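Notes to accompany the following structure.
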Amino acid sequence: MDDNNAMINTPTESPVDKALTRQIVIEINNLRKGFDNVVVLKDLSLSLYDNENLVVLGKSGSGKSVLIKCIVRLLRPDHGTIKVLGENVSELSSKELGKMRQKIGFLFQSGALYDSMTIKQNLEFPLRRLKKDLSQKQRDQKIAEALENVGLSDTTDKMPSELSGGMRKRASLARTLVLDPLIMLYDEPTTGLDPITSDEISDLINAVQKKYKTSSIIITHDIECARATADRLVMLKDGEVYMDGSIEDFEDSQDELIKSFFK
Amino acid sequence: MKVISPVIKTIKKLPTIKKQAIKLSEKTLENTQKANVFFSEIGSFFLFLWLTIKSSFSRDFEFQEFLRQCFQIGNKTLPLISVTGIVIGLVLTIQSRPILVDFGAESMLPAMVALSIIREMGPVVTALICAGKIGSGMGAELGSMKVTEQIDAMEVSSTNPIRFLVVTRVLAATLMIPILVLYADALGILGSWAGANIKGDVTFVLFFTQAFSAIEFIDFLPAVIKTFFFGAAIGFVGCYKGYTAGRGTESVGKAANSAVVLASLFVILIDLIAVQITDMI
């Protein structure tokens, strides 16, 4: 109902228009990346705006995960520029890159929790190294707060192998949240989860955006997750932006590829 | 007609020549690709070595992880090393005794066994066991961390994964393997005493006095020094194979397997070099 009212009050302002008036957080221009002889991303240009949830859709192999790995320079682009908070990622020294990465939270597809550590140690790991000025008490408080935010307060001393898939994703999210990131990158956050847990993760993504005021890129091919979280959507095809718009634009589209995703 | 016939013959042979040419070019291409893989493997090995050395000298040393790795290496291999050490001593004694008895040199048995254990058998057998146990463990652990994106997660959270994962493991192996070798040597000599008592009657004090009377500092020192190199090689190869594993789960097994093979090969090569150097001294 609230959403409907908002649409009635500002009928001419689409989510895309709204986004244009906001500050750019990530700006990607003519990004090209290939592996051996296969070009995965072809001159891709994209922007993420402040406090926006941008969902990137696309078939498997369309370069979605490669895109966010290039943003944090886990992969180096072959061509093009990626600016994160105004800084060109490719030109940063390793020290500057480290500082920039502290502002970005990355939720990996597999969760990527460290197997040999408890959940508490997993959360403590980045804190100990990156927030050295914090006392042990402050660290414990931050860990407790982050775990509470994802609903996992009682898992502190558990090992990752003792948690379910959904819990591991949430614990992984908590690990990124302890560093108070400005930007969140989610790599297929609901893949491999049942519909109920997927909905919980989608709600959590929205809650994180509200509480931490983050700007997020959500890589997915789960339409329900896209519907629940997206302020704006981008569809990739063959390494290029195929369509950019609101969820309504995508749902109303007559394009066969888009329809096949949203049926 | 006579002039034309060789030309016709050649034309008839053309498809065969073409096939042979294609086969040759395919083989050349295949060999070039193999050479490419080989040289890029060597390149990445030395690049990884350089990154490890560089990260070893950075300020923030991960001391807790280093201690954890020392405990892991010692704890994992101690039972196996204990059994092996005793068995080496026993077997060497039981095998050598009859020959020494034939030559009337039975009294030389403790010294001979102790020398063989300290100089060669103890270090090499312990290192080979560690190559299997520790090398494969490191290869599999780091390989699975790579597959499950844990190494990427570490990098994204601004932690140098080579400093945290590789440097600590290599240094722990470098420190712990010499300690394990000394332990295996001691148990080997103890096993030898037990072996000597199966068919004879030698007191513990007499056996050890005879054993150590033949050992000089020059026998002991090179044997200990080479074990540091064994440890470094086992740790480094295990980490390198795990860290550079591919993305699939199959690559974890491959990483563990090739870590054992390469680490064992390194142990034997280092031993060969050490023997040559000791011989020159």
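In the structure tokens, the first chain shown is A, the next is B, and so on; residue numbers restart at 1 for each chain, and ligands run from 1 in the order shown.
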
List every residue of chain A that has an atom at most 7 Å from any atom of chain B, giving for each one its closest atom pair and the distance in Å to one decimal, counting only C-alpha atoms, sorted by chain and then by ascending residue number, as JSON lines.
```
{"residue": "A:Val72", "atom": "CA", "partner": "B:Val156", "partner_atom": "CA", "distance": 6.9}
{"residue": "A:Gly98", "atom": "CA", "partner": "B:Ser158", "partner_atom": "CA", "distance": 4.8}
{"residue": "A:Arg101", "atom": "CA", "partner": "B:Val156", "partner_atom": "CA", "distance": 6.1}
{"residue": "A:Gln102", "atom": "CA", "partner": "B:Ser157", "partner_atom": "CA", "distance": 6.4}
{"residue": "A:Ser110", "atom": "CA", "partner": "B:Thr148", "partner_atom": "CA", "distance": 6.2}
{"residue": "A:Ala112", "atom": "CA", "partner": "B:Gln150", "partner_atom": "CA", "distance": 4.7}
{"residue": "A:Leu113", "atom": "CA", "partner": "B:Gln150", "partner_atom": "CA", "distance": 6.4}
{"residue": "A:Tyr114", "atom": "CA", "partner": "B:Gln150", "partner_atom": "CA", "distance": 6.2}
{"residue": "A:Pro126", "atom": "CA", "partner": "B:Ser157", "partner_atom": "CA", "distance": 6.1}
```

Practice item. Just the alpha helix (DSSP H) stuff from stretch 155-222 of chain A, please, per backbone DSSP, written as number ranges by chain. Key: A: 165-177, 195-212

Can you tell me which residues surround A:Val55 at a distance of at most 12 Å, considering only C-alpha atoms, apart from same-chain residues fewer than 5 positions away, and format the answer as a tab-separated table (two decimals) with N, CA, C and O atoms, in the first residue's frame?
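File produced: result_15.tsv:
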```tsv
chain	number	residue	atom	x	y	z
A	46	LEU	N	28.25	0.62	-16.16
A	46	LEU	CA	27.22	0.45	-15.13
A	46	LEU	C	27.52	1.41	-13.98
A	46	LEU	O	28.68	1.73	-13.73
A	47	SER	N	26.46	1.86	-13.31
A	47	SER	CA	26.69	2.70	-12.11
A	47	SER	C	25.84	2.20	-10.96
A	47	SER	O	24.72	1.73	-11.17
A	48	LEU	N	26.39	2.33	-9.77
A	48	LEU	CA	25.62	2.04	-8.56
A	48	LEU	C	25.51	3.34	-7.79
A	48	LEU	O	26.51	4.03	-7.58
A	64	LYS	N	28.33	-12.23	-14.41
A	64	LYS	CA	27.86	-11.50	-13.21
A	64	LYS	C	28.90	-11.55	-12.09
A	64	LYS	O	29.26	-10.53	-11.52
A	68	ILE	N	31.58	-8.49	-10.19
A	68	ILE	CA	31.84	-8.02	-8.82
A	68	ILE	C	33.24	-8.38	-8.34
A	68	ILE	O	33.79	-7.71	-7.48
A	184	MET	N	27.90	-3.11	-0.27
A	184	MET	CA	27.79	-4.58	-0.12
A	184	MET	C	27.70	-5.21	-1.51
A	184	MET	O	26.95	-4.75	-2.35
A	185	LEU	N	28.46	-6.25	-1.69
A	185	LEU	CA	28.39	-7.02	-2.94
A	185	LEU	C	27.93	-8.43	-2.58
A	185	LEU	O	28.59	-9.12	-1.80
A	186	TYR	N	26.80	-8.82	-3.10
A	186	TYR	CA	26.25	-10.15	-2.79
A	186	TYR	C	26.38	-11.03	-4.04
A	186	TYR	O	25.81	-10.71	-5.07
A	187	ASP	N	27.11	-12.14	-3.90
A	187	ASP	CA	27.25	-13.05	-5.04
A	187	ASP	C	26.28	-14.22	-4.85
A	187	ASP	O	26.54	-15.12	-4.06
A	188	GLU	N	25.20	-14.17	-5.57
A	188	GLU	CA	24.14	-15.19	-5.52
A	188	GLU	C	23.81	-15.58	-4.06
A	188	GLU	O	24.05	-16.72	-3.65
A	189	PRO	N	23.22	-14.65	-3.33
A	189	PRO	CA	23.01	-14.89	-1.90
A	189	PRO	C	22.00	-15.99	-1.59
A	189	PRO	O	22.02	-16.55	-0.50
A	202	SER	N	16.66	-12.51	1.71
A	202	SER	CA	16.24	-11.29	0.99
A	202	SER	C	15.83	-10.21	2.00
A	202	SER	O	16.19	-9.03	1.83
A	205	ILE	N	18.87	-8.72	3.50
A	205	ILE	CA	19.56	-7.76	2.60
A	205	ILE	C	18.90	-6.39	2.72
A	205	ILE	O	19.58	-5.36	2.82
A	215	SER	N	25.04	0.71	0.00
A	215	SER	CA	24.67	0.60	-1.42
A	215	SER	C	25.08	-0.81	-1.82
A	215	SER	O	26.18	-1.23	-1.46
A	216	SER	N	24.22	-1.52	-2.53
A	216	SER	CA	24.52	-2.94	-2.77
A	216	SER	C	24.37	-3.35	-4.22
A	216	SER	O	23.50	-2.84	-4.94
A	217	ILE	N	25.22	-4.27	-4.61
A	217	ILE	CA	25.03	-4.96	-5.90
A	217	ILE	C	24.70	-6.40	-5.54
A	217	ILE	O	25.45	-7.05	-4.82
A	218	ILE	N	23.56	-6.87	-6.03
A	218	ILE	CA	23.13	-8.24	-5.72
A	218	ILE	C	23.12	-9.04	-7.01
A	218	ILE	O	22.33	-8.76	-7.92
A	219	ILE	N	24.03	-10.00	-7.07
A	219	ILE	CA	24.11	-10.86	-8.25
A	219	ILE	C	23.18	-12.04	-8.00
A	219	ILE	O	23.32	-12.73	-6.98
A	220	THR	N	22.25	-12.25	-8.89
A	220	THR	CA	21.33	-13.39	-8.67
A	220	THR	C	20.68	-13.84	-9.97
A	220	THR	O	20.69	-13.11	-10.96
A	221	HIS	N	20.14	-15.05	-9.96
A	221	HIS	CA	19.16	-15.38	-11.00
A	221	HIS	C	17.87	-15.88	-10.34
A	221	HIS	O	17.06	-16.54	-10.95
A	222	ASP	N	17.75	-15.52	-9.04
A	222	ASP	CA	16.54	-15.84	-8.30
A	222	ASP	C	15.59	-14.64	-8.39
A	222	ASP	O	15.84	-13.59	-7.79
A	223	ILE	N	14.53	-14.82	-9.17
A	223	ILE	CA	13.64	-13.69	-9.43
A	223	ILE	C	12.93	-13.22	-8.16
A	223	ILE	O	12.71	-12.03	-7.97
A	224	GLU	N	12.60	-14.17	-7.27
A	224	GLU	CA	11.93	-13.77	-6.02
A	224	GLU	C	12.84	-12.87	-5.19
A	224	GLU	O	12.39	-11.89	-4.60
A	225	CYS	N	14.12	-13.22	-5.15
A	225	CYS	CA	15.10	-12.39	-4.43
A	225	CYS	C	15.20	-11.02	-5.09
A	225	CYS	O	15.24	-9.99	-4.40
A	226	ALA	N	15.21	-11.02	-6.43
A	226	ALA	CA	15.29	-9.75	-7.16
A	226	ALA	C	14.07	-8.88	-6.86
A	226	ALA	O	14.20	-7.68	-6.59
A	227	ARG	N	12.89	-9.51	-6.88
A	227	ARG	CA	11.65	-8.76	-6.59
A	227	ARG	C	11.69	-8.16	-5.19
A	227	ARG	O	11.28	-7.02	-4.98
A	228	ALA	N	12.20	-8.94	-4.24
A	228	ALA	CA	12.18	-8.51	-2.84
A	228	ALA	C	13.20	-7.43	-2.54
A	228	ALA	O	12.98	-6.60	-1.65
A	229	THR	N	14.30	-7.43	-3.25
A	229	THR	CA	15.40	-6.54	-2.84
A	229	THR	C	15.69	-5.37	-3.79
A	229	THR	O	16.27	-4.38	-3.36
A	230	ALA	N	15.27	-5.49	-5.06
A	230	ALA	CA	15.78	-4.54	-6.06
A	230	ALA	C	15.16	-3.15	-5.99
A	230	ALA	O	13.95	-3.02	-5.90
A	231	ASP	N	16.02	-2.13	-6.01
A	231	ASP	CA	15.56	-0.78	-6.31
A	231	ASP	C	15.65	-0.59	-7.82
A	231	ASP	O	14.90	0.16	-8.43
A	232	ARG	N	16.62	-1.26	-8.41
A	232	ARG	CA	16.85	-1.18	-9.86
A	232	ARG	C	17.44	-2.50	-10.31
A	232	ARG	O	18.14	-3.17	-9.52
A	233	LEU	N	17.15	-2.88	-11.53
A	233	LEU	CA	17.69	-4.14	-12.06
A	233	LEU	C	18.49	-3.90	-13.33
A	233	LEU	O	18.19	-2.99	-14.09
A	234	VAL	N	19.47	-4.74	-13.51
A	234	VAL	CA	20.24	-4.73	-14.75
A	234	VAL	C	20.33	-6.18	-15.23
A	234	VAL	O	20.60	-7.07	-14.44
A	235	MET	N	20.01	-6.37	-16.49
A	235	MET	CA	20.13	-7.73	-17.05
A	235	MET	C	21.38	-7.79	-17.93
A	235	MET	O	21.57	-6.92	-18.78
A	236	LEU	N	22.23	-8.78	-17.69
A	236	LEU	CA	23.41	-8.95	-18.53
A	236	LEU	C	23.16	-10.06	-19.54
A	236	LEU	O	22.53	-11.07	-19.22
A	243	MET	N	19.41	-4.91	-20.41
A	243	MET	CA	18.32	-4.02	-20.01
A	243	MET	C	18.59	-3.45	-18.62
A	243	MET	O	19.17	-4.12	-17.78
A	244	ASP	N	18.19	-2.20	-18.44
A	244	ASP	CA	18.40	-1.50	-17.16
A	244	ASP	C	17.07	-0.83	-16.81
A	244	ASP	O	16.53	-0.09	-17.61
A	245	GLY	N	16.51	-1.12	-15.64
A	245	GLY	CA	15.24	-0.50	-15.30
A	245	GLY	C	14.71	-0.96	-13.96
A	245	GLY	O	15.39	-1.67	-13.22
A	246	SER	N	13.47	-0.58	-13.70
A	246	SER	CA	12.85	-0.97	-12.42
A	246	SER	C	12.26	-2.37	-12.57
A	246	SER	O	12.16	-2.90	-13.68
A	247	ILE	N	11.81	-2.94	-11.46
A	247	ILE	CA	11.21	-4.28	-11.51
A	247	ILE	C	9.95	-4.26	-12.40
A	247	ILE	O	9.69	-5.21	-13.14
A	250	PHE	N	10.84	-4.44	-16.04
A	250	PHE	CA	11.21	-5.80	-16.42
A	250	PHE	C	9.96	-6.68	-16.53
A	250	PHE	O	9.83	-7.47	-17.46
```

Point to revise | Separation of atom CA of B:Thr227 from atom CA of B:Gly85 in Å | key: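 According to the coordinates, atom CA of B:Gly85 and atom CA of B:Thr227 are separated by 15.5 Å.
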
Exercise for review: Find the spatial neighbours of B:Ala256, counting only C-alpha atoms, within a cut-off of 6 Å - ignore same-chain residues fewer than 6 positions away - and output them as a list in words.
Suggested key: Ser136, Gly139 and Ala140 of chain B

Exercise for review: Please provide the set of residues having any atom within 12 Å of A:Gly86, restricted to only C-alpha atoms, with same-chain residues fewer than 3 positions apart removed, written as a PyMOL selection string.
Suggested key: chain A and resi 23-28+47-48+81-83+89+91-92+100

Point to revise | Nearby residues (only C-alpha atoms) at most 8 Å from stretch 182-194 of chain B, same-chain spacing under 4 positions excluded, as a list of chain:residue names | key: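 Skipping anything fewer than 4 positions along the chain leaves B:Ile81, B:Ser82, B:Thr84, B:Gly85, B:Ile86, B:Val87, B:Ile88, B:Gly89, B:Leu90, B:Val91, B:Leu92, B:Thr93, B:Pro110, B:Val113, B:Ala114, B:Ile117, B:Ile118, B:Gly122, B:Pro123, B:Thr126, B:Pro178, B:Ile198, B:Val202, B:Phe204, B:Phe207.
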